[in-house]
Structure formats: C-alpha cells, structure tokens
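What's in entry00.cif: mmCIF, C-alpha atoms
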```cif
data_query
loop_
_atom_site.label_atom_id
_atom_site.label_comp_id
_atom_site.auth_asym_id
_atom_site.auth_seq_id
_atom_site.Cartn_x
_atom_site.Cartn_y
_atom_site.Cartn_z
CA LEU A 160 -13.14 -19.53 1.24
CA ALA A 161 -15.82 -20.89 3.55
CA GLY A 162 -18.07 -17.98 2.58
CA ILE A 163 -17.53 -18.78 -1.10
CA ALA A 164 -18.24 -22.48 -0.44
CA LEU A 165 -21.48 -21.50 1.28
CA VAL A 166 -22.56 -19.40 -1.73
CA ARG A 167 -21.89 -22.33 -4.07
CA TYR A 168 -23.75 -24.68 -1.74
CA LEU A 169 -26.82 -22.46 -1.43
CA GLY A 170 -27.15 -21.60 -5.13
CA ALA A 171 -28.44 -18.33 -6.59
CA GLU A 172 -31.99 -18.44 -5.20
CA MET A 173 -31.16 -19.45 -1.61
CA GLN A 174 -28.17 -17.10 -1.62
CA GLY A 175 -30.63 -14.37 -2.54
CA VAL A 176 -32.80 -15.33 0.44
CA TYR A 177 -29.76 -15.41 2.73
CA SER A 178 -28.57 -12.01 1.49
CA TYR A 179 -32.05 -10.61 2.10
CA ILE A 180 -32.09 -12.02 5.66
CA LEU A 181 -28.67 -10.57 6.44
CA SER A 182 -29.76 -7.20 5.10
CA ILE A 183 -32.76 -7.15 7.44
CA ILE A 184 -30.61 -8.30 10.36
CA PHE A 185 -27.99 -5.61 9.86
CA LEU A 186 -30.55 -2.87 9.27
CA LEU A 187 -32.59 -3.71 12.38
CA SER A 188 -29.62 -4.57 14.56
CA PHE A 189 -27.91 -1.17 14.28
CA ILE A 190 -29.01 -0.67 17.86
CA THR A 191 -26.85 -3.67 18.83
CA ASP A 192 -23.66 -1.83 18.05
CA PHE A 193 -24.96 1.73 18.51
CA GLY A 194 -21.48 3.08 17.79
CA LEU A 195 -20.10 1.38 20.89
CA GLN A 196 -17.15 -0.33 19.23
CA SER A 197 -15.84 2.85 17.59
CA LEU A 198 -16.33 4.77 20.83
CA LEU A 199 -14.43 2.19 22.90
CA VAL A 200 -11.45 2.20 20.53
CA ARG A 201 -11.16 5.94 21.11
CA GLU A 202 -12.06 6.20 24.80
CA ILE A 203 -10.88 3.16 26.80
CA LYS A 204 -7.19 4.02 26.86
CA ILE A 205 -8.00 7.71 27.42
CA ALA A 206 -10.07 6.70 30.50
CA GLY A 207 -6.85 5.61 32.25
CA SER A 208 -7.47 4.21 35.73
CA GLY A 209 -11.21 4.42 35.16
CA SER A 210 -11.11 2.14 32.13
CA PRO A 211 -12.16 -1.10 33.96
CA ARG A 212 -15.44 0.41 35.15
CA PHE A 213 -15.98 2.18 31.82
CA PHE A 214 -15.38 -1.11 30.01
CA GLY A 215 -17.57 -3.12 32.38
CA ASN A 216 -20.50 -0.78 31.84
CA ALA A 217 -19.90 -0.94 28.09
CA LEU A 218 -20.15 -4.74 28.21
CA MET A 219 -23.42 -4.59 30.16
CA LEU A 220 -24.79 -2.09 27.66
CA GLN A 221 -23.70 -4.31 24.78
CA VAL A 222 -25.51 -7.38 26.18
CA PHE A 223 -28.67 -5.34 26.70
CA GLN A 224 -28.50 -4.03 23.13
CA ILE A 225 -28.08 -7.56 21.74
CA LEU A 226 -31.15 -8.77 23.62
CA LEU A 227 -33.21 -5.74 22.57
CA SER A 228 -32.31 -5.97 18.88
CA GLY A 229 -32.89 -9.74 18.89
CA VAL A 230 -36.38 -9.25 20.26
CA LEU A 231 -37.14 -6.52 17.71
CA ILE A 232 -35.99 -8.66 14.78
CA ALA A 233 -37.92 -11.69 16.05
CA LEU A 234 -41.07 -9.58 16.40
CA TYR A 235 -40.60 -8.27 12.87
CA SER A 236 -40.25 -11.83 11.56
CA LEU A 237 -43.37 -13.04 13.35
CA ALA A 238 -45.54 -10.02 12.57
CA PHE A 239 -44.54 -8.83 9.10
CA GLU A 240 -42.56 -11.45 7.18
CA LYS A 241 -44.95 -13.45 4.98
CA ASN A 242 -42.47 -15.35 2.82
CA PRO A 243 -42.13 -18.86 4.35
CA ALA A 244 -38.63 -19.25 2.88
CA VAL A 245 -37.56 -16.18 4.86
CA LYS A 246 -39.66 -16.29 8.04
CA LEU A 247 -38.05 -19.20 9.95
CA PRO A 248 -34.40 -18.45 9.02
CA LEU A 249 -34.95 -14.80 9.97
CA LEU A 250 -36.41 -15.83 13.32
CA TYR A 251 -33.35 -17.96 14.07
CA ALA A 252 -31.00 -15.25 12.83
CA SER A 253 -32.56 -12.65 15.15
CA PHE A 254 -30.32 -13.92 17.95
CA ALA A 255 -27.81 -16.25 16.24
CA ILE A 256 -26.38 -13.56 13.95
CA THR A 257 -26.65 -10.63 16.38
CA LEU A 258 -24.43 -12.58 18.79
CA MET A 259 -21.49 -11.60 16.57
CA TYR A 260 -21.59 -8.20 18.29
CA LEU A 261 -20.68 -9.80 21.61
CA SER A 262 -17.02 -9.87 20.55
CA ASN A 263 -16.92 -6.20 19.56
CA PRO A 264 -16.19 -4.61 22.98
CA PHE A 265 -13.33 -7.05 23.57
CA THR A 266 -11.65 -6.43 20.20
CA ALA A 267 -12.22 -2.69 20.64
CA ALA A 268 -10.47 -2.76 24.03
CA LEU A 269 -7.53 -4.65 22.53
CA SER A 270 -7.30 -2.10 19.70
CA SER A 271 -7.56 0.83 22.12
CA HIS A 272 -4.54 -0.54 24.03
CA GLU A 273 -2.79 -0.97 20.65
CA LYS A 274 -2.67 -4.75 21.07
CA MET A 275 -3.29 -5.09 17.37
CA HIS A 276 -1.64 -8.51 17.14
CA LEU A 277 -4.15 -9.84 19.69
CA SER A 278 -7.08 -8.05 18.06
CA GLY A 279 -6.01 -9.60 14.76
CA LEU A 280 -5.62 -13.00 16.42
CA SER A 281 -9.14 -12.72 17.83
CA SER A 282 -10.59 -11.79 14.43
CA GLY A 283 -8.59 -14.53 12.73
CA LEU A 284 -9.81 -17.19 15.14
CA ALA A 285 -13.39 -15.97 14.65
CA SER A 286 -12.98 -16.46 10.90
CA ILE A 287 -11.56 -19.96 11.47
CA PHE A 288 -14.47 -20.90 13.75
CA ASN A 289 -16.93 -19.63 11.15
CA ALA A 290 -15.19 -21.61 8.42
CA ILE A 291 -15.22 -24.82 10.47
CA PHE A 292 -18.91 -24.50 11.29
CA ILE A 293 -19.78 -23.67 7.67
CA PHE A 294 -17.87 -26.68 6.30
CA ILE A 295 -19.54 -28.93 8.87
CA SER A 296 -22.93 -27.58 7.77
CA ILE A 297 -22.16 -28.20 4.11
CA SER A 298 -20.82 -31.70 4.83
CA PHE A 299 -24.04 -32.66 6.60
CA GLN A 300 -26.18 -30.84 3.99
CA PHE A 301 -27.85 -28.61 6.56
CA THR A 302 -30.75 -26.36 5.62
CA LEU A 303 -30.44 -22.59 5.83
CA PRO A 304 -32.05 -22.36 9.31
CA GLN A 305 -29.64 -25.01 10.59
CA ILE A 306 -26.67 -23.19 9.05
CA ILE A 307 -27.73 -19.99 10.82
CA LEU A 308 -27.83 -21.80 14.17
CA MET A 309 -24.34 -23.14 13.53
CA LEU A 310 -23.11 -19.62 12.85
CA GLY A 311 -24.69 -18.55 16.16
CA ALA A 312 -22.64 -21.21 17.96
CA SER A 313 -19.52 -19.94 16.18
CA ASN A 314 -20.27 -16.39 17.35
CA ILE A 315 -20.50 -17.53 20.98
CA LEU A 316 -17.17 -19.34 20.72
CA SER A 317 -15.54 -16.27 19.17
CA ALA A 318 -16.83 -14.05 22.00
CA LEU A 319 -15.35 -16.39 24.61
CA VAL A 320 -11.92 -16.33 22.95
CA SER A 321 -11.85 -12.55 22.43
CA GLY A 322 -13.03 -12.04 26.01
CA PHE A 323 -10.21 -14.20 27.35
CA LEU A 324 -7.58 -12.30 25.33
CA CYS A 325 -8.97 -8.93 26.39
CA ILE A 326 -9.14 -9.71 30.11
CA LYS A 327 -5.69 -11.30 30.17
CA TYR A 328 -3.78 -8.74 28.09
CA ALA A 329 -5.74 -5.46 27.98
CA VAL A 330 -8.34 -4.58 30.61
CA LYS A 331 -10.39 -6.53 33.12
CA PRO A 332 -13.96 -5.22 33.31
CA ASP A 333 -15.43 -3.86 36.52
CA PHE A 334 -19.16 -4.63 36.42
CA THR A 335 -20.14 -2.02 38.99
CA LEU A 336 -23.19 -0.37 37.46
CA ASP A 337 -22.60 3.37 37.03
CA ALA A 338 -25.54 5.39 35.70
CA GLY A 339 -23.28 8.36 35.00
CA ILE A 340 -20.93 6.33 32.82
CA LEU A 341 -23.83 4.70 30.96
CA LYS A 342 -25.44 8.07 30.28
CA LYS A 343 -22.15 9.54 29.09
CA MET A 344 -21.47 6.50 26.94
CA ILE A 345 -24.88 6.58 25.26
CA ILE A 346 -24.64 10.31 24.55
CA MET A 347 -21.13 9.95 23.13
CA SER A 348 -22.20 6.95 21.05
CA VAL A 349 -25.07 8.72 19.29
CA PRO A 350 -22.97 10.20 16.42
CA PHE A 351 -21.27 6.82 15.89
CA ALA A 352 -24.68 5.08 16.04
CA ALA A 353 -26.13 7.42 13.43
CA MET A 354 -23.06 6.89 11.26
CA GLY A 355 -23.39 3.12 11.67
CA LEU A 356 -27.10 3.19 10.83
CA PHE A 357 -26.46 5.24 7.71
CA ASN A 358 -23.63 2.89 6.72
CA TYR A 359 -25.80 -0.20 7.25
CA MET A 360 -28.62 1.38 5.25
CA TYR A 361 -26.23 2.31 2.47
CA GLU A 362 -24.75 -1.20 2.31
CA LYS A 363 -27.93 -3.26 2.81
CA VAL A 364 -30.94 -1.32 1.55
CA ASN A 365 -29.95 -2.00 -2.06
CA VAL A 366 -30.33 -5.76 -1.47
CA LEU A 367 -33.81 -5.22 0.01
CA ILE A 368 -34.84 -3.12 -2.99
CA LEU A 369 -33.36 -5.62 -5.45
CA PHE A 370 -35.04 -8.58 -3.71
CA SER A 371 -38.44 -6.88 -3.66
CA MET A 372 -38.25 -5.61 -7.25
CA LYS A 373 -36.46 -8.42 -9.08
CA GLY A 374 -36.74 -11.49 -6.84
CA ALA A 375 -34.41 -13.90 -5.05
CA VAL A 376 -32.42 -15.05 -8.09
CA GLU A 377 -31.18 -11.58 -9.09
CA ALA A 378 -30.50 -10.82 -5.43
CA GLY A 379 -28.51 -14.06 -5.38
CA TYR A 380 -26.38 -13.06 -8.39
CA TYR A 381 -25.64 -9.75 -6.72
CA GLY A 382 -25.08 -11.47 -3.36
CA GLY A 383 -22.56 -13.87 -4.91
CA ALA A 384 -20.46 -11.02 -6.27
CA ALA A 385 -20.90 -9.09 -3.01
CA LYS A 386 -19.60 -12.11 -1.05
CA ILE A 387 -16.31 -12.00 -2.99
CA ILE A 388 -16.09 -8.27 -2.25
CA GLU A 389 -16.89 -8.91 1.41
CA ILE A 390 -13.97 -11.35 1.69
CA LEU A 391 -11.56 -8.96 -0.01
CA ASN A 392 -12.92 -6.15 2.14
CA ALA A 393 -12.05 -8.14 5.27
CA PHE A 394 -8.40 -8.21 4.21
CA VAL A 395 -8.40 -4.48 3.50
CA VAL A 396 -10.05 -3.68 6.83
CA ALA A 397 -7.50 -5.86 8.63
CA ILE A 398 -4.71 -3.86 6.98
CA MET A 399 -6.32 -0.52 7.85
CA ALA A 400 -7.46 -1.43 11.37
CA PRO A 401 -4.24 -0.39 13.18
CA VAL A 402 -4.49 3.11 11.70
CA TYR A 403 -7.62 4.18 13.64
CA PRO A 404 -6.32 3.72 17.22
CA ARG A 405 -2.95 5.15 16.20
CA LEU A 406 -4.59 8.22 14.64
CA SER A 407 -6.70 8.67 17.78
CA VAL A 408 -3.54 8.81 19.90
CA ILE A 409 -1.70 11.13 17.50
CA ILE A 410 -4.57 13.60 16.98
CA ASN A 411 -5.57 13.76 20.64
CA THR A 412 -2.14 13.72 22.30
CA GLU A 413 0.46 14.68 19.69
CA SER A 414 0.24 16.93 16.61
CA LYS A 415 -1.97 17.39 13.58
CA GLU A 416 1.10 17.64 11.37
CA LYS A 417 2.12 14.11 12.29
CA ALA A 418 -1.48 12.94 11.76
CA VAL A 419 -1.50 14.46 8.25
CA ARG A 420 1.67 12.56 7.38
CA VAL A 421 0.13 9.29 8.59
CA ILE A 422 -3.08 9.96 6.64
CA ASN A 423 -1.29 10.84 3.40
CA LEU A 424 1.08 7.87 3.54
CA SER A 425 -1.68 5.42 4.44
CA VAL A 426 -3.97 6.57 1.61
CA LYS A 427 -1.13 6.61 -0.91
CA TYR A 428 0.14 3.11 -0.13
CA LEU A 429 -3.35 1.64 0.00
CA ALA A 430 -4.26 3.21 -3.34
CA PHE A 431 -1.08 1.93 -5.01
CA ALA A 432 -1.83 -1.57 -3.71
CA ALA A 433 -5.56 -1.60 -4.45
CA ALA A 434 -5.66 -0.07 -7.94
CA PRO A 435 -3.83 -2.87 -9.81
CA CYS A 436 -5.81 -5.52 -7.93
CA ALA A 437 -9.11 -3.84 -8.82
CA LEU A 438 -8.11 -3.56 -12.47
CA PHE A 439 -7.02 -7.21 -12.57
CA VAL A 440 -10.24 -8.54 -11.02
CA SER A 441 -12.44 -6.26 -13.11
CA ALA A 442 -10.83 -7.28 -16.39
CA LEU A 443 -11.08 -11.00 -15.56
CA SER A 444 -14.36 -10.91 -13.64
CA ALA A 445 -15.91 -13.75 -15.66
CA ASP A 446 -12.96 -16.03 -14.90
CA TRP A 447 -12.93 -15.13 -11.22
CA THR A 448 -16.67 -15.66 -10.92
CA ASN A 449 -16.49 -19.07 -12.58
CA LEU A 450 -13.50 -20.10 -10.46
CA LEU A 451 -14.90 -18.99 -7.11
CA LEU A 452 -18.69 -19.28 -7.47
CA GLY A 453 -19.06 -21.84 -10.24
CA PRO A 454 -20.96 -21.76 -13.55
CA LYS A 455 -24.33 -21.25 -11.82
CA PHE A 456 -23.20 -17.72 -10.94
CA GLU A 457 -21.80 -16.68 -14.33
CA GLN A 458 -24.26 -13.77 -14.39
CA SER A 459 -22.56 -12.36 -11.28
CA ALA A 460 -19.50 -11.40 -13.37
CA PRO A 461 -20.70 -7.90 -14.43
CA ALA A 462 -21.59 -7.09 -10.81
CA LEU A 463 -18.13 -8.23 -9.65
CA ALA A 464 -16.45 -6.11 -12.34
CA LEU A 465 -18.19 -3.04 -10.93
CA LEU A 466 -18.13 -3.83 -7.20
CA ILE A 467 -14.38 -4.46 -7.09
CA TRP A 468 -13.89 -0.71 -7.54
CA THR A 469 -15.67 -0.11 -4.23
CA ILE A 470 -12.64 -1.74 -2.58
CA PHE A 471 -10.30 0.75 -4.25
CA LEU A 472 -12.53 3.69 -3.31
CA MET A 473 -12.92 2.41 0.25
CA CYS A 474 -9.13 2.40 0.61
CA MET A 475 -9.19 6.04 -0.41
CA HIS A 476 -11.92 7.28 1.94
CA THR A 477 -11.78 5.08 5.06
CA ILE A 478 -8.56 6.59 6.45
CA PRO A 479 -9.95 10.15 6.18
CA ALA A 480 -13.08 8.91 7.98
CA TYR A 481 -10.88 7.46 10.73
CA ALA A 482 -9.13 10.82 11.03
CA LEU A 483 -12.39 12.75 11.36
CA ASN A 484 -13.69 10.30 13.98
CA SER A 485 -10.42 10.57 15.91
CA ALA A 486 -10.70 14.35 15.85
CA ARG A 487 -14.24 14.13 17.29
CA LEU A 488 -15.74 15.29 14.00
CA THR A 489 -17.95 12.23 13.67
CA LYS A 490 -20.91 14.43 12.73
CA LEU A 491 -19.24 15.20 9.40
CA VAL A 492 -18.77 11.51 8.60
CA THR A 493 -22.38 10.90 9.65
CA MET A 494 -23.57 13.66 7.34
CA VAL A 495 -21.67 12.17 4.39
CA TYR A 496 -23.15 8.71 5.04
CA GLY A 497 -26.62 10.22 5.44
CA ILE A 498 -26.42 11.94 2.05
CA ASN A 499 -25.04 8.69 0.62
CA ILE A 500 -28.21 6.87 1.68
CA ILE A 501 -30.38 9.37 -0.16
CA LEU A 502 -28.19 9.08 -3.25
CA ASN A 503 -28.25 5.27 -3.01
CA LEU A 504 -32.05 5.17 -2.71
CA ILE A 505 -32.55 7.54 -5.64
CA LEU A 506 -30.24 5.55 -7.91
CA ASN A 507 -31.69 2.17 -6.92
CA PHE A 508 -35.33 3.16 -7.23
CA ALA A 509 -34.64 4.89 -10.55
CA PHE A 510 -32.62 2.18 -12.28
CA THR A 511 -33.14 -1.21 -10.53
CA PRO A 512 -36.54 -1.92 -12.18
CA ALA A 513 -34.95 -1.71 -15.64
CA TYR A 514 -31.37 -2.87 -15.03
CA GLY A 515 -31.59 -5.12 -11.96
CA TYR A 516 -28.41 -6.03 -10.11
CA ILE A 517 -26.22 -4.12 -12.59
CA ALA A 518 -27.91 -0.92 -11.42
CA THR A 519 -27.44 -1.98 -7.80
CA ALA A 520 -23.70 -2.50 -8.30
CA SER A 521 -23.34 0.76 -10.24
CA ALA A 522 -25.10 2.67 -7.46
CA SER A 523 -22.61 1.27 -4.93
CA VAL A 524 -19.69 2.54 -6.98
CA ALA A 525 -21.29 5.99 -7.42
CA CYS A 526 -21.91 6.29 -3.68
CA ASN A 527 -18.31 5.37 -2.89
CA VAL A 528 -17.10 8.06 -5.30
CA PHE A 529 -19.23 10.60 -3.45
CA ALA A 530 -17.92 9.41 -0.06
CA PHE A 531 -14.32 9.64 -1.26
CA ILE A 532 -14.67 13.21 -2.56
CA SER A 533 -16.61 14.41 0.50
CA LEU A 534 -14.41 12.85 3.20
CA ILE A 535 -11.18 13.97 1.55
CA TYR A 536 -12.58 17.51 1.39
CA PHE A 537 -13.61 17.57 5.07
CA THR A 538 -10.31 16.04 6.19
CA ASN A 539 -8.27 18.62 4.29
CA LYS A 540 -10.45 21.44 5.61
CA ASN A 541 -10.43 20.41 9.30
CA ILE A 542 -7.16 18.55 9.83
CA GLY A 543 -4.89 19.74 7.06
#
```

What do you get writing this file as structure tokens?
Amino acid sequence: LAGIALVRYLGAEMQGVYSYILSIIFLLSFITDFGLQSLLVREIKIAGSGSPRFFGNALMLQVFQILLSGVLIALYSLAFEKNPAVKLPLLYASFAITLMYLSNPFTAALSSHEKMHLSGLSSGLASIFNAIFIFISISFQFTLPQIILMLGASNILSALVSGFLCIKYAVKPDFTLDAGILKKMIIMSVPFAAMGLFNYMYEKVNVLILFSMKGAVEAGYYGGAAKIIEILNAFVVAIMAPVYPRLSVIINTESKEKAVRVINLSVKYLAFAAAPCALFVSALSADWTNLLLGPKFEQSAPALALLIWTIFLMCMHTIPAYALNSARLTKLVTMVYGINIILNLILNFAFTPAYGYIATASASVACNVFAFISLIYFTNKNIG
C-alpha cells in the first residue's frame, strides 16, 4: 500500500522518472548480488561445520560488491546522465537503493537453514520499515531525492534486523578471510550472476526503451501498473520462497521422484490459485487502477490488464526454475533468460514506437510465455 501511495503522490511524470532510475539501478547493480543470494540458499547448510567461515566471506564479498556497484552507478550519473530531473536522484540512489542487498546474505542463510518463519519475518519487517519511511516522506512532502535517501535509511535498518535474526538463530559469521573460499564462491556464483543479469535486463530494459522513445509520462503509466504487479508479485514470491531450499535438500540428498511430486503439486496449486485472480483483475482493470492509483492513472488500466497475466505465468515457471537451480543446472535457466532478453528487445524496439506502453506490457507477457514453455521442457527432460 505504501508503494501505491508513493505512485499516487509522485504522479505519472515523476513516477516515470522514478521507474527509469530504478531500472538503471537494477541493471547496473547486478554485480551487487552477483548470484550470491541464490548460491547461499543452496550452499550454506551443505557446508556444515564450515558454514560460519563460508558465510563470513560471503558477507565481506557482498559489502565489497555494494561499494563497487555504488561507485559505478554514481560515475554513470555524473558522466552520462544529462537530464537534470534524473541526475541528482540517480546519484543518491547509487548507494541508498543498492543498500537493500545488504540484507540478502542474512535472509539467504535463514532460508538455507529452513528458518522460513524468520526469513519471512525479516522480509515483513523490511516492508514495514519501507512503508513507514514512505508515509513519513509523503506527509512532509519530500522531493524524489529526499524520498530516495529515506529508503536508504530503511534499507540499513532492515539489514540490521535481518543480521540479528541470522546470527541468533541460523549461523554466526566467521570473518577470517579465506582466498580459497572467495575464489570458489565467485566461480560458483557466475551462472547465478548471469541469470540475474539476464533477469534484470528482461525486467528493466523495457522501461529504459519506453522512457527514451515515449517519454516520462508513458513510462509513468506503465510504471503505475507495474507497481501493482510488483506488490502482487511480492506475495507470490513469499508463498513460493520455501520451495527453493526444500527442493535443494530433496534433489541433493533424497530422490528425484520426491522432487517431481513437490514440483507438480506446487505448480498445480499455484496455477489454480493464480488463474482466477488474474482473470478477475484483468476483467476489472479500469476499476482496480482507479481505486489504487487514482484517476490520473486511468491510462494504466490496459497495461494492468496485460501485466497481471505475468503473475500467473510466473507461478507456472518459477518452481521449475528453482528445481533446475537446485539440480545445479543453472546454465539452462540462464540460457532461457538470455534468449528472453533478445526476444524482449526485438518486441520492444519493433512495437514500442507505435504502441507505447501497451507494446511494453504485451512483450512482458510474451516473454513469460516463452519462459514457461522452455523451463517446463528442461525440467521434464532433466528431472522427470
């Protein structure tokens, strides 16, 4: 709700600027995550008695990556960004927004130890902190740069809470620098990093293309609808999150037959839950847009009607992707996301000049259809 309130507060044009800034941040900050979170979910518990040192080195690597990506984004803002409405907020966001990654190793460690209630608590508190800081910003009528700084403060607070929960209930990090562990971690993270980069490009490059071709207002209409999808997506991800660490344990220590049962049941139940919701939102997209975003965003309704189906398709293909990652077949998921980027770019460059944000939303749905078909195929072929 705080995210929706922020969209209404910013309006279409400033929401377009904010969406553009976030797209740049996520594209250039892929190095901040570098697949580390997904790797830690899979590897920390497997490391056994060596997990404290493994985790401590992961935390040191994470801090270094945050600093490096922050510097790169700041340099990009200073050297290449000419739009004054974008330059200063982007400069602030280079560190304020990338600080969100500081919580990732802690929540990954909690998930790896199957402390899903604590991982969920950490994520829930982070959302509450964000909401509080956003409502404070709106109450005091802060500008966009000031709002970004407030979100940076929220990210620091979230990292402190998740760190406390992780150290107390999962694993206490050993900060003894180990070059061997760091080298192993970086090498093992590369497939996840490539997958993350492709995923970021797939999700964010369309906003960059839309902003450059059609301007801030159209990007804002798309961004408003995408914000609703982002909120719904957070609920779906929270529901699916326990499946990944469980699948990792089953595939690596138990049997593929049991893993296939978990995959099939998870996909089936998620599909049955998501399909009616997608149909309901799509059919009443104008009403939902007016209710959540206000009359200024009435043109976001067609985009919402299309984008809601990405939630349904994500429910269908995320579990198979989890299974492939758990089975150390990350390269297949990476390949699918890489092809998705090419497909996304072709569709956006071909149709965005004529159809604007409607083309952008349609391209997202088409790419999710491709991901669903491809990941289901590879899962059936390699796992059963």

- Task: Counting all atoms listed in the file, note down every residue that has an atom within 9 Å of the point (-2.5, -6.8, 27.2) (file coordinates), as a list in words.
- Result: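 The requested residues, written out, are Leu269, His272, Glu273, Lys274, Leu277, Leu324, Cys325, Ile326, Lys327, Tyr328, Ala329 and Val330 of chain A.
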
- Query: Could you pull the residues within 7 Å of segment 445-459 of chain A, counting only C-alpha atoms, minus those fewer than 6 positions along the same chain, as an MDAnalysis selection string?
  - Reply: chainID A and resid 163 166:167 171 380:381 383:384

- Can you turn the PyMOL selection byres ((chain A and resi 417-422) around 12) into a concrete residue list for this file, as a count of residues only? 43

Considering only C-alpha atoms, tabulate each residue of segment 165-272 of chain A that lies at most 10 Å from segment 290-304 of chain A along with its nearest interatomic pair and the corresponding distance in Å to one decimal; arrange the rows by chain and ascending residue number and present them as a Markdown table.
```
| residue | atom | partner | partner_atom | distance |
| --- | --- | --- | --- | --- |
| A:Leu165 | CA | A:Ile293 | CA | 7.0 |
| A:Tyr168 | CA | A:Ile297 | CA | 7.0 |
| A:Leu169 | CA | A:Leu303 | CA | 8.1 |
| A:Met173 | CA | A:Leu303 | CA | 8.1 |
| A:Gln174 | CA | A:Leu303 | CA | 9.5 |
| A:Val176 | CA | A:Leu303 | CA | 9.3 |
| A:Tyr177 | CA | A:Leu303 | CA | 7.9 |
| A:Ala244 | CA | A:Leu303 | CA | 9.3 |
| A:Val245 | CA | A:Pro304 | CA | 9.4 |
| A:Lys246 | CA | A:Pro304 | CA | 9.8 |
| A:Leu247 | CA | A:Pro304 | CA | 6.8 |
| A:Pro248 | CA | A:Pro304 | CA | 4.6 |
| A:Leu249 | CA | A:Pro304 | CA | 8.1 |
| A:Leu250 | CA | A:Pro304 | CA | 8.8 |
| A:Tyr251 | CA | A:Pro304 | CA | 6.6 |
| A:Ala252 | CA | A:Pro304 | CA | 8.0 |
```

- So, counting all atoms listed in the file, which residue among A:Ala385, A:Leu472, A:Ile307, A:Leu160 is closest to Asn365 of chain A?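 Closest to Asn365 of chain A, using all atoms listed in the file: A:Ala385.
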
- Message: As an exercise, work out the distance from atom CA of Ile388 of chain A to atom CA of Ala462 of chain A in Å and give it to one decimal place.
- Response: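 Those two atoms sit 10.2 Å apart.
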
- Message: So, with only C-alpha atoms as the atoms that count, which of A:Ala164, A:Met473, A:Ile183, A:Met309 lies closest to Phe370 of chain A?
- Response: A:Ile183

- Message: Applying the PyMOL selection byres ((chain A and resi 507) around 7) to the file I just gave you, which residues come out? Please list them as a PyMOL selection string.
- Response: chain A and resi 365+503-506+508-511+518-519+522

- Message: I need the residue nearest Ala430 of chain A from this list: A:Ala460, A:Leu195, A:Leu310, A:Ile470. Use only C-alpha atoms for the distance.
- Response: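 Using only C-alpha atoms, the shortest distance to Ala430 of chain A belongs to A:Ile470.
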
- Item | All residues 9 Å or closer to segment 229-231 of chain A, all atoms listed in the file, same chain fewer than 5 positions away omitted, as a list of chain:residue names |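 The residues that qualify are A:Ile184, A:Leu187, A:Ser188, A:Thr191, A:Gln224, A:Ser236, A:Leu250, A:Ala252, A:Ser253, A:Phe254, A:Ala255, A:Thr257, A:Leu258.
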
- Message: Between atom CA of Ile180 of chain A and atom CA of Leu369 of chain A, what distance in Å does the model show, to one decimal?
- Response: 12.9 Å

- Pick from A:Ile532, A:Leu488, A:Ala513, A:Ile306, whichever lies nearest to Gly162 of chain A using only C-alpha atoms: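 Under the stated criterion, the closest residue is A:Ile306.
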
Apply the PyMOL selection byres ((chain A and resi 279) around 10) to the displayed file and report the matching residues as a PDB file with C-alpha atoms, in the coordinates of the input.
```
ATOM      1  CA  THR A 266     -11.650  -6.430  20.200  1.00  0.00           C
ATOM      2  CA  LEU A 269      -7.530  -4.650  22.530  1.00  0.00           C
ATOM      3  CA  SER A 270      -7.300  -2.100  19.700  1.00  0.00           C
ATOM      4  CA  LYS A 274      -2.670  -4.750  21.070  1.00  0.00           C
ATOM      5  CA  MET A 275      -3.290  -5.090  17.370  1.00  0.00           C
ATOM      6  CA  HIS A 276      -1.640  -8.510  17.140  1.00  0.00           C
ATOM      7  CA  LEU A 277      -4.150  -9.840  19.690  1.00  0.00           C
ATOM      8  CA  SER A 278      -7.080  -8.050  18.060  1.00  0.00           C
ATOM      9  CA  LEU A 280      -5.620 -13.000  16.420  1.00  0.00           C
ATOM     10  CA  SER A 281      -9.140 -12.720  17.830  1.00  0.00           C
ATOM     11  CA  SER A 282     -10.590 -11.790  14.430  1.00  0.00           C
ATOM     12  CA  GLY A 283      -8.590 -14.530  12.730  1.00  0.00           C
ATOM     13  CA  LEU A 284      -9.810 -17.190  15.140  1.00  0.00           C
ATOM     14  CA  ALA A 285     -13.390 -15.970  14.650  1.00  0.00           C
ATOM     15  CA  ALA A 397      -7.500  -5.860   8.630  1.00  0.00           C
ATOM     16  CA  ILE A 398      -4.710  -3.860   6.980  1.00  0.00           C
ATOM     17  CA  ALA A 400      -7.460  -1.430  11.370  1.00  0.00           C
ATOM     18  CA  PRO A 401      -4.240  -0.390  13.180  1.00  0.00           C
TER      19      PRO A 401
END
```

Please list as an mmCIF file with C-alpha atoms, in the frame of the given file every residue within 8 Å of Val524 of chain A, counting all atoms listed in the file and excluding residues in the same chain fewer than 6 positions away.
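Produced file selection05.cif, reproduced below:
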```cif
data_model
loop_
_atom_site.group_PDB
_atom_site.id
_atom_site.type_symbol
_atom_site.label_atom_id
_atom_site.label_comp_id
_atom_site.auth_asym_id
_atom_site.auth_seq_id
_atom_site.Cartn_x
_atom_site.Cartn_y
_atom_site.Cartn_z
ATOM 1 C CA LEU A 465 -18.190 -3.040 -10.930
ATOM 2 C CA LEU A 466 -18.130 -3.830 -7.200
ATOM 3 C CA TRP A 468 -13.890 -0.710 -7.540
ATOM 4 C CA THR A 469 -15.670 -0.110 -4.230
#
```

- Task: For Pro264 of chain A, please output as a list in words all residues within 9 Å (counting only C-alpha atoms; exclusion window: fewer than 2 positions along the same chain).
- Result: Leu195, Gln196, Leu199, Val200, Phe214, Ala217, Leu218, Gln221, Tyr260, Leu261, Ser262, Thr266, Ala267, Ala268, Leu269 and Gly322 of chain A

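For the pair atom CA of Lys331 of chain A and atom CA of Pro211 of chain A, the interatomic distance is 5.8 Å.
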
- Query: Between A:Ser523, A:Asn289, A:Asp333, A:Met344, which is the closest to Lys363 of chain A once you count all atoms listed in the file?
  - Reply: A:Ser523

- Item | From A:Gln305, A:Ser178, A:Ser444, A:Ser286, residue lying nearest Ala393 of chain A [all atoms listed in the file] |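 Answer, going by the shortest atom-to-atom distance: A:Ser286.
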
- Item | Expected answer as a ChimeraX atom specification: all residues with atoms within 6 Å of (-16.7, -1.5, 35.8), all atoms listed in the file | /A:211-216,332-335
